[in-house]
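Shown below: run.cif, with mmCIF, C-alpha atoms.
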```cif
data_final
#
loop_
_atom_site.group_PDB
_atom_site.id
_atom_site.type_symbol
_atom_site.label_atom_id
_atom_site.label_comp_id
_atom_site.auth_asym_id
_atom_site.auth_seq_id
_atom_site.Cartn_x
_atom_site.Cartn_y
_atom_site.Cartn_z
ATOM 1 C CA MET A 233 -11.019 32.008 3.021
ATOM 2 C CA ILE A 234 -11.008 28.930 0.792
ATOM 3 C CA ARG A 235 -10.239 29.239 -2.907
ATOM 4 C CA LYS A 236 -8.831 27.222 -5.787
ATOM 5 C CA LEU A 237 -5.077 26.756 -6.082
ATOM 6 C CA LEU A 238 -3.314 29.260 -8.359
ATOM 7 C CA ASN A 239 -0.007 28.603 -10.126
ATOM 8 C CA GLU A 240 1.749 31.154 -7.941
ATOM 9 C CA ASP A 241 0.646 29.228 -4.799
ATOM 10 C CA ILE A 242 2.527 26.066 -5.686
ATOM 11 C CA ASP A 243 5.766 26.665 -3.753
ATOM 12 C CA ARG A 244 3.952 27.468 -0.489
ATOM 13 C CA VAL A 245 1.558 24.525 -0.913
ATOM 14 C CA ALA A 246 4.375 22.092 -1.779
ATOM 15 C CA ASP A 247 6.333 23.321 1.251
ATOM 16 C CA ILE A 248 3.350 22.578 3.534
ATOM 17 C CA TRP A 249 2.978 19.166 1.832
ATOM 18 C CA LEU A 250 6.609 18.242 2.476
ATOM 19 C CA LYS A 251 6.860 19.497 6.073
ATOM 20 C CA THR A 252 3.557 17.894 7.057
ATOM 21 C CA ASN A 253 4.471 14.530 5.534
ATOM 22 C CA LEU A 254 7.901 14.519 7.174
ATOM 23 C CA LYS A 255 6.327 15.165 10.587
ATOM 24 C CA ALA A 256 3.152 13.039 10.374
ATOM 25 C CA HIS A 257 4.799 10.098 8.618
ATOM 26 C CA TYR A 258 7.968 9.772 10.713
ATOM 27 C CA PHE A 259 7.816 6.013 9.994
ATOM 28 C CA ILE A 260 8.623 6.589 6.290
ATOM 29 C CA THR A 261 12.083 7.742 5.221
ATOM 30 C CA ASN A 262 12.530 11.474 4.624
ATOM 31 C CA GLN A 263 14.087 10.617 1.265
ATOM 32 C CA TYR A 264 10.782 9.119 0.053
ATOM 33 C CA TRP A 265 8.975 12.453 0.509
ATOM 34 C CA LYS A 266 11.845 14.585 -0.784
ATOM 35 C CA SER A 267 12.232 12.438 -3.912
ATOM 36 C CA ASN A 268 8.521 12.899 -4.735
ATOM 37 C CA TYR A 269 8.499 16.669 -4.139
ATOM 38 C CA GLU A 270 8.806 17.863 -7.762
ATOM 39 C CA LEU A 271 6.366 15.228 -9.075
ATOM 40 C CA VAL A 272 3.784 16.235 -6.471
ATOM 41 C CA LYS A 273 4.136 19.916 -7.454
ATOM 42 C CA GLU A 274 3.364 19.006 -11.079
ATOM 43 C CA MET A 275 0.424 16.808 -10.089
ATOM 44 C CA MET A 276 -1.069 19.499 -7.844
ATOM 45 C CA LEU A 277 -1.148 21.994 -10.685
ATOM 46 C CA GLN A 278 -3.253 19.526 -12.687
ATOM 47 C CA SER A 279 -5.551 18.514 -9.809
ATOM 48 C CA GLU A 280 -8.541 19.877 -7.919
ATOM 49 C CA VAL A 281 -6.846 21.671 -5.020
ATOM 50 C CA TYR A 282 -8.406 24.154 -2.601
ATOM 51 C CA VAL A 283 -6.297 26.329 -0.321
ATOM 52 C CA PHE A 284 -7.157 27.918 3.010
ATOM 53 C CA GLU A 285 -5.782 31.447 3.183
ATOM 54 C CA ALA A 286 -5.614 33.693 6.251
ATOM 55 C CA ASP A 287 -3.986 37.133 6.268
ATOM 56 C CA LYS A 288 -2.808 36.592 2.671
ATOM 57 C CA MET A 289 -0.881 33.456 3.718
ATOM 58 C CA ILE A 290 -1.846 29.921 2.718
ATOM 59 C CA GLN A 291 -2.136 27.836 5.887
ATOM 60 C CA GLY A 292 -3.551 24.610 4.487
ATOM 61 C CA PHE A 293 -4.984 22.820 1.486
ATOM 62 C CA VAL A 294 -6.944 19.802 0.332
ATOM 63 C CA GLY A 295 -6.321 17.834 -2.860
ATOM 64 C CA LEU A 296 -9.104 15.925 -4.617
ATOM 65 C CA ASN A 297 -9.337 13.464 -7.463
ATOM 66 C CA ASP A 298 -13.093 13.242 -8.096
ATOM 67 C CA GLU A 299 -14.416 11.715 -4.816
ATOM 68 C CA TYR A 300 -10.978 10.666 -3.568
ATOM 69 C CA ILE A 301 -9.176 12.893 -1.061
ATOM 70 C CA GLU A 302 -5.482 12.869 -1.955
ATOM 71 C CA GLY A 303 -4.756 14.622 1.319
ATOM 72 C CA ILE A 304 -5.528 17.432 3.728
ATOM 73 C CA PHE A 305 -2.478 19.356 4.861
ATOM 74 C CA VAL A 306 -2.211 22.179 7.379
ATOM 75 C CA SER A 307 0.921 24.186 8.160
ATOM 76 C CA ASP A 308 2.664 23.104 11.346
ATOM 77 C CA GLU A 309 2.013 26.353 13.211
ATOM 78 C CA MET A 310 -1.730 26.250 12.413
ATOM 79 C CA GLN A 311 -2.513 22.599 13.185
ATOM 80 C CA SER A 312 -5.357 21.940 15.660
ATOM 81 C CA CYS A 313 -6.934 25.330 14.854
ATOM 82 C CA GLY A 314 -9.865 23.930 12.854
ATOM 83 C CA ILE A 315 -8.421 24.483 9.361
ATOM 84 C CA GLY A 316 -8.495 20.786 8.433
ATOM 85 C CA LYS A 317 -12.157 20.518 9.475
ATOM 86 C CA PHE A 318 -12.954 23.737 7.597
ATOM 87 C CA LEU A 319 -11.386 22.337 4.399
ATOM 88 C CA LEU A 320 -13.117 18.975 4.843
ATOM 89 C CA ASP A 321 -16.517 20.604 5.417
ATOM 90 C CA TYR A 322 -15.955 22.685 2.271
ATOM 91 C CA ILE A 323 -15.499 19.608 0.078
ATOM 92 C CA LYS A 324 -18.256 17.656 1.869
ATOM 93 C CA ASP A 325 -20.624 20.363 0.598
ATOM 94 C CA LYS A 326 -19.503 19.595 -2.974
ATOM 95 C CA LYS A 327 -19.611 15.769 -2.901
ATOM 96 C CA GLU A 328 -22.068 13.007 -2.045
ATOM 97 C CA ARG A 329 -19.314 10.680 -0.864
ATOM 98 C CA LEU A 330 -15.604 10.886 -0.172
ATOM 99 C CA GLN A 331 -12.927 8.257 0.117
ATOM 100 C CA LEU A 332 -9.301 8.330 1.244
ATOM 101 C CA ASN A 333 -6.403 6.173 2.336
ATOM 102 C CA VAL A 334 -4.568 6.799 5.601
ATOM 103 C CA TYR A 335 -1.539 5.051 7.073
ATOM 104 C CA GLN A 336 -2.432 2.865 10.062
ATOM 105 C CA LYS A 337 0.440 4.392 12.043
ATOM 106 C CA ASN A 338 -1.053 7.892 11.586
ATOM 107 C CA ALA A 339 -3.391 7.626 14.583
ATOM 108 C CA ARG A 340 -4.022 11.378 14.714
ATOM 109 C CA ALA A 341 -5.372 11.438 11.144
ATOM 110 C CA ILE A 342 -7.493 8.309 11.693
ATOM 111 C CA SER A 343 -9.074 9.898 14.797
ATOM 112 C CA PHE A 344 -9.757 13.124 12.878
ATOM 113 C CA TYR A 345 -11.475 11.352 9.991
ATOM 114 C CA GLN A 346 -13.522 9.105 12.288
ATOM 115 C CA ARG A 347 -14.639 12.165 14.265
ATOM 116 C CA GLU A 348 -15.722 13.697 10.935
ATOM 117 C CA GLY A 349 -17.922 10.719 10.009
ATOM 118 C CA PHE A 350 -15.552 8.526 7.994
ATOM 119 C CA ILE A 351 -15.633 4.782 8.545
ATOM 120 C CA ILE A 352 -12.893 2.262 7.857
ATOM 121 C CA GLN A 353 -13.848 0.178 4.820
ATOM 122 C CA CYS A 354 -10.832 -2.091 4.497
ATOM 123 C CA GLU A 355 -7.146 -2.424 5.124
ATOM 124 C CA GLY A 356 -4.427 -2.596 2.514
ATOM 125 C CA LEU A 357 -0.772 -2.019 1.790
ATOM 126 C CA ASP A 358 0.781 1.044 0.187
ATOM 127 C CA GLU A 359 3.115 -0.578 -2.333
ATOM 128 C CA ALA A 360 5.337 2.518 -2.596
ATOM 129 C CA THR A 361 6.174 2.617 1.130
ATOM 130 C CA GLY A 362 5.381 -0.911 2.333
ATOM 131 C CA GLU A 363 3.144 0.609 5.027
ATOM 132 C CA LYS A 364 -0.277 -0.722 6.008
ATOM 133 C CA GLU A 365 -3.153 1.676 5.398
ATOM 134 C CA TYR A 366 -6.900 1.953 5.824
ATOM 135 C CA THR A 367 -9.365 2.945 3.136
ATOM 136 C CA MET A 368 -11.977 5.197 4.752
ATOM 137 C CA LEU A 369 -15.345 6.334 3.400
ATOM 138 C CA TRP A 370 -17.777 9.160 4.124
ATOM 139 C CA LYS A 371 -21.296 9.376 2.653
ATOM 140 C CA ARG A 372 -23.758 12.233 2.851
ATOM 141 C CA LYS A 373 -26.724 11.213 4.997
#
```

Let me see whether you can do it: turn the structure in this file into structure tokens.
Amino acid sequence: MIRKLLNEDIDRVADIWLKTNLKAHYFITNQYWKSNYELVKEMMLQSEVYVFEADKMIQGFVGLNDEYIEGIFVSDEMQSCGIGKFLLDYIKDKKERLQLNVYQKNARAISFYQREGFIIQCEGLDEATGEKEYTMLWKRK
């Protein structure tokens, strides 16, 4: 089931955020993610966040800022089970277009988004990490 983030969900959601970033972005120091942990928790509580819950346990979430996807995160044990696609389809139903940035070294995420109809618009640099990234766009047909 997908629902909006509640205040009491924040620790579980932030835990998924941290573990997923540490694993997927091995090319960025662990300290970068850990030092942003508390800030991200605060930001999530003020953002448009939808969680995927199964058996009363949150297994993934998506964060939005208008038409910009801040990220889709799925717990380690539930990755490749369709939760990311389920969350993405949920927000595609709500928006005419979606945009996101993804690190060029995160080939798995790039493949996922391309499979889901996103196209690479341009390439840039994430100033905070010094890593190259793509801006990707999806539009409703």

Neighbouring residues of stretch 282-298 of chain A were defined as those with any atom within 12 Å, considering only C-alpha atoms; residues of the same chain fewer than 6 positions away were excluded. Please report them as a PyMOL selection string. chain A and resi 233-249+251-252+272-273+275-276+304-324+326-332

Write out as a VMD selection string which residues come within 9 Å of A:Gly349 when counting all atoms listed in the file, dropping same-chain ones fewer than 6 positions away. chain A and resid 369 to 371

All file atoms of stretch 235-253 of chain A boxed axis-aligned, 5 Å per side, centre plus edges, as JSON:
```
{"center_x": -1.7, "center_y": 22.8, "center_z": -1.5, "size_x": 27.1, "size_y": 26.6, "size_z": 27.2}
```

May I have the protein, DNA and RNA residues with any atom at most 10 Å from the point (-6.8, 2.8, 5.9), counting all atoms listed in the file, written as a ChimeraX atom specification? /A:332-338,342,351-358,364-369

Could you state which residues are captured by the PyMOL selection byres ((chain A and resi 265) around 12) in this file, as a compact mmCIF listing (two decimals) with C-alpha atoms, keeping the file's coordinate frame?
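And here is the file that came out, selection_20.txt:
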```txt
# COMPACT_ATOMS: atom_id res chain seq x y z
CA ALA A 246 4.38 22.09 -1.78
CA ASP A 247 6.33 23.32 1.25
CA ILE A 248 3.35 22.58 3.53
CA TRP A 249 2.98 19.17 1.83
CA LEU A 250 6.61 18.24 2.48
CA LYS A 251 6.86 19.50 6.07
CA THR A 252 3.56 17.89 7.06
CA ASN A 253 4.47 14.53 5.53
CA LEU A 254 7.90 14.52 7.17
CA LYS A 255 6.33 15.16 10.59
CA ALA A 256 3.15 13.04 10.37
CA HIS A 257 4.80 10.10 8.62
CA TYR A 258 7.97 9.77 10.71
CA PHE A 259 7.82 6.01 9.99
CA ILE A 260 8.62 6.59 6.29
CA THR A 261 12.08 7.74 5.22
CA ASN A 262 12.53 11.47 4.62
CA GLN A 263 14.09 10.62 1.26
CA TYR A 264 10.78 9.12 0.05
CA LYS A 266 11.84 14.58 -0.78
CA SER A 267 12.23 12.44 -3.91
CA ASN A 268 8.52 12.90 -4.74
CA TYR A 269 8.50 16.67 -4.14
CA GLU A 270 8.81 17.86 -7.76
CA LEU A 271 6.37 15.23 -9.07
CA VAL A 272 3.78 16.24 -6.47
CA LYS A 273 4.14 19.92 -7.45
CA ALA A 360 5.34 2.52 -2.60
CA THR A 361 6.17 2.62 1.13
```

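Distance-wise, atom CA of A:Phe344 and atom CA of A:Ile301 end up 14.0 Å apart.
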
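We find atom CA of A:Arg347 and atom CA of A:Asp325 to be spaced 17.0 Å apart.
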
Atom CA of A:Gly362 to atom CA of A:Gln346: how many Å, to one decimal? 23.6 Å

Mind completing stretch 260-271 of chain A with all heavy atoms? Output as a PDB file, in the coordinates of the input, please?
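That gives us rebuild_25.pdb:
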```
ATOM      1  N   ILE A 260       8.192   6.734   7.687  1.00  0.00           N
ATOM      2  CA  ILE A 260       8.623   6.589   6.290  1.00  0.00           C
ATOM      3  C   ILE A 260       9.857   7.465   6.110  1.00  0.00           C
ATOM      4  O   ILE A 260       9.911   8.578   6.640  1.00  0.00           O
ATOM      5  CB  ILE A 260       7.486   7.015   5.323  1.00  0.00           C
ATOM      6  CG1 ILE A 260       6.285   6.072   5.484  1.00  0.00           C
ATOM      7  CG2 ILE A 260       7.973   7.031   3.881  1.00  0.00           C
ATOM      8  CD1 ILE A 260       5.032   6.532   4.763  1.00  0.00           C
ATOM      9  N   THR A 261      10.830   6.993   5.361  1.00  0.00           N
ATOM     10  CA  THR A 261      12.083   7.742   5.221  1.00  0.00           C
ATOM     11  C   THR A 261      11.845   9.141   4.639  1.00  0.00           C
ATOM     12  O   THR A 261      10.997   9.321   3.756  1.00  0.00           O
ATOM     13  CB  THR A 261      13.090   7.010   4.308  1.00  0.00           C
ATOM     14  OG1 THR A 261      12.582   6.994   2.976  1.00  0.00           O
ATOM     15  CG2 THR A 261      13.353   5.593   4.775  1.00  0.00           C
ATOM     16  N   ASN A 262      12.608  10.101   5.128  1.00  0.00           N
ATOM     17  CA  ASN A 262      12.530  11.474   4.624  1.00  0.00           C
ATOM     18  C   ASN A 262      12.809  11.515   3.128  1.00  0.00           C
ATOM     19  O   ASN A 262      12.212  12.309   2.395  1.00  0.00           O
ATOM     20  CB  ASN A 262      13.537  12.370   5.350  1.00  0.00           C
ATOM     21  CG  ASN A 262      13.113  12.664   6.775  1.00  0.00           C
ATOM     22  OD1 ASN A 262      12.062  12.214   7.243  1.00  0.00           O
ATOM     23  ND2 ASN A 262      13.927  13.420   7.482  1.00  0.00           N
ATOM     24  N   GLN A 263      13.705  10.645   2.675  1.00  0.00           N
ATOM     25  CA  GLN A 263      14.087  10.617   1.265  1.00  0.00           C
ATOM     26  C   GLN A 263      12.890  10.304   0.360  1.00  0.00           C
ATOM     27  O   GLN A 263      12.786  10.825  -0.739  1.00  0.00           O
ATOM     28  CB  GLN A 263      15.218   9.610   1.040  1.00  0.00           C
ATOM     29  CG  GLN A 263      15.830   9.680  -0.338  1.00  0.00           C
ATOM     30  CD  GLN A 263      16.250  11.091  -0.741  1.00  0.00           C
ATOM     31  OE1 GLN A 263      16.816  11.846   0.049  1.00  0.00           O
ATOM     32  NE2 GLN A 263      15.948  11.481  -1.974  1.00  0.00           N
ATOM     33  N   TYR A 264      11.969   9.461   0.838  1.00  0.00           N
ATOM     34  CA  TYR A 264      10.782   9.119   0.053  1.00  0.00           C
ATOM     35  C   TYR A 264      10.000  10.390  -0.294  1.00  0.00           C
ATOM     36  O   TYR A 264       9.616  10.604  -1.440  1.00  0.00           O
ATOM     37  CB  TYR A 264       9.891   8.133   0.816  1.00  0.00           C
ATOM     38  CG  TYR A 264       8.570   7.878   0.124  1.00  0.00           C
ATOM     39  CD1 TYR A 264       8.502   7.025  -0.973  1.00  0.00           C
ATOM     40  CD2 TYR A 264       7.404   8.518   0.536  1.00  0.00           C
ATOM     41  CE1 TYR A 264       7.293   6.815  -1.640  1.00  0.00           C
ATOM     42  CE2 TYR A 264       6.197   8.313  -0.125  1.00  0.00           C
ATOM     43  CZ  TYR A 264       6.155   7.459  -1.204  1.00  0.00           C
ATOM     44  OH  TYR A 264       4.966   7.261  -1.859  1.00  0.00           O
ATOM     45  N   TRP A 265       9.757  11.234   0.720  1.00  0.00           N
ATOM     46  CA  TRP A 265       8.975  12.453   0.509  1.00  0.00           C
ATOM     47  C   TRP A 265       9.755  13.448  -0.342  1.00  0.00           C
ATOM     48  O   TRP A 265       9.195  14.049  -1.262  1.00  0.00           O
ATOM     49  CB  TRP A 265       8.572  13.072   1.848  1.00  0.00           C
ATOM     50  CG  TRP A 265       7.798  12.110   2.680  1.00  0.00           C
ATOM     51  CD1 TRP A 265       8.205  11.491   3.829  1.00  0.00           C
ATOM     52  CD2 TRP A 265       6.492  11.579   2.399  1.00  0.00           C
ATOM     53  NE1 TRP A 265       7.234  10.633   4.279  1.00  0.00           N
ATOM     54  CE2 TRP A 265       6.170  10.670   3.431  1.00  0.00           C
ATOM     55  CE3 TRP A 265       5.553  11.798   1.384  1.00  0.00           C
ATOM     56  CZ2 TRP A 265       4.963   9.979   3.462  1.00  0.00           C
ATOM     57  CZ3 TRP A 265       4.355  11.101   1.422  1.00  0.00           C
ATOM     58  CH2 TRP A 265       4.073  10.205   2.445  1.00  0.00           C
ATOM     59  N   LYS A 266      11.023  13.620  -0.040  1.00  0.00           N
ATOM     60  CA  LYS A 266      11.845  14.585  -0.784  1.00  0.00           C
ATOM     61  C   LYS A 266      11.977  14.188  -2.254  1.00  0.00           C
ATOM     62  O   LYS A 266      11.959  15.044  -3.134  1.00  0.00           O
ATOM     63  CB  LYS A 266      13.219  14.716  -0.129  1.00  0.00           C
ATOM     64  CG  LYS A 266      13.139  15.425   1.217  1.00  0.00           C
ATOM     65  CD  LYS A 266      14.481  15.467   1.922  1.00  0.00           C
ATOM     66  CE  LYS A 266      14.343  16.155   3.267  1.00  0.00           C
ATOM     67  NZ  LYS A 266      15.565  16.077   4.061  1.00  0.00           N
ATOM     68  N   SER A 267      12.068  12.887  -2.526  1.00  0.00           N
ATOM     69  CA  SER A 267      12.232  12.438  -3.912  1.00  0.00           C
ATOM     70  C   SER A 267      10.946  12.599  -4.727  1.00  0.00           C
ATOM     71  O   SER A 267      10.986  12.626  -5.951  1.00  0.00           O
ATOM     72  CB  SER A 267      12.714  10.986  -3.961  1.00  0.00           C
ATOM     73  OG  SER A 267      11.714  10.111  -3.479  1.00  0.00           O
ATOM     74  N   ASN A 268       9.809  12.719  -4.047  1.00  0.00           N
ATOM     75  CA  ASN A 268       8.521  12.899  -4.735  1.00  0.00           C
ATOM     76  C   ASN A 268       8.084  14.362  -4.820  1.00  0.00           C
ATOM     77  O   ASN A 268       7.051  14.663  -5.425  1.00  0.00           O
ATOM     78  CB  ASN A 268       7.430  12.081  -4.032  1.00  0.00           C
ATOM     79  CG  ASN A 268       7.508  10.626  -4.400  1.00  0.00           C
ATOM     80  OD1 ASN A 268       7.275  10.253  -5.537  1.00  0.00           O
ATOM     81  ND2 ASN A 268       7.880   9.791  -3.435  1.00  0.00           N
ATOM     82  N   TYR A 269       8.863  15.259  -4.255  1.00  0.00           N
ATOM     83  CA  TYR A 269       8.499  16.669  -4.139  1.00  0.00           C
ATOM     84  C   TYR A 269       8.158  17.314  -5.488  1.00  0.00           C
ATOM     85  O   TYR A 269       7.088  17.897  -5.649  1.00  0.00           O
ATOM     86  CB  TYR A 269       9.649  17.413  -3.444  1.00  0.00           C
ATOM     87  CG  TYR A 269       9.402  18.872  -3.190  1.00  0.00           C
ATOM     88  CD1 TYR A 269       8.616  19.283  -2.120  1.00  0.00           C
ATOM     89  CD2 TYR A 269       9.980  19.850  -3.994  1.00  0.00           C
ATOM     90  CE1 TYR A 269       8.408  20.637  -1.865  1.00  0.00           C
ATOM     91  CE2 TYR A 269       9.771  21.198  -3.747  1.00  0.00           C
ATOM     92  CZ  TYR A 269       8.981  21.583  -2.680  1.00  0.00           C
ATOM     93  OH  TYR A 269       8.783  22.912  -2.442  1.00  0.00           O
ATOM     94  N   GLU A 270       9.038  17.215  -6.458  1.00  0.00           N
ATOM     95  CA  GLU A 270       8.806  17.863  -7.762  1.00  0.00           C
ATOM     96  C   GLU A 270       7.614  17.245  -8.502  1.00  0.00           C
ATOM     97  O   GLU A 270       6.818  17.952  -9.117  1.00  0.00           O
ATOM     98  CB  GLU A 270      10.064  17.816  -8.635  1.00  0.00           C
ATOM     99  CG  GLU A 270      11.200  18.692  -8.119  1.00  0.00           C
ATOM    100  CD  GLU A 270      10.832  20.175  -7.990  1.00  0.00           C
ATOM    101  OE1 GLU A 270      10.049  20.680  -8.826  1.00  0.00           O
ATOM    102  OE2 GLU A 270      11.330  20.823  -7.041  1.00  0.00           O
ATOM    103  N   LEU A 271       7.489  15.923  -8.438  1.00  0.00           N
ATOM    104  CA  LEU A 271       6.366  15.228  -9.075  1.00  0.00           C
ATOM    105  C   LEU A 271       5.038  15.697  -8.471  1.00  0.00           C
ATOM    106  O   LEU A 271       4.068  15.968  -9.197  1.00  0.00           O
ATOM    107  CB  LEU A 271       6.519  13.714  -8.914  1.00  0.00           C
ATOM    108  CG  LEU A 271       5.352  12.873  -9.446  1.00  0.00           C
ATOM    109  CD1 LEU A 271       5.209  13.025 -10.950  1.00  0.00           C
ATOM    110  CD2 LEU A 271       5.540  11.417  -9.057  1.00  0.00           C
TER     111      LEU A 271
END
```
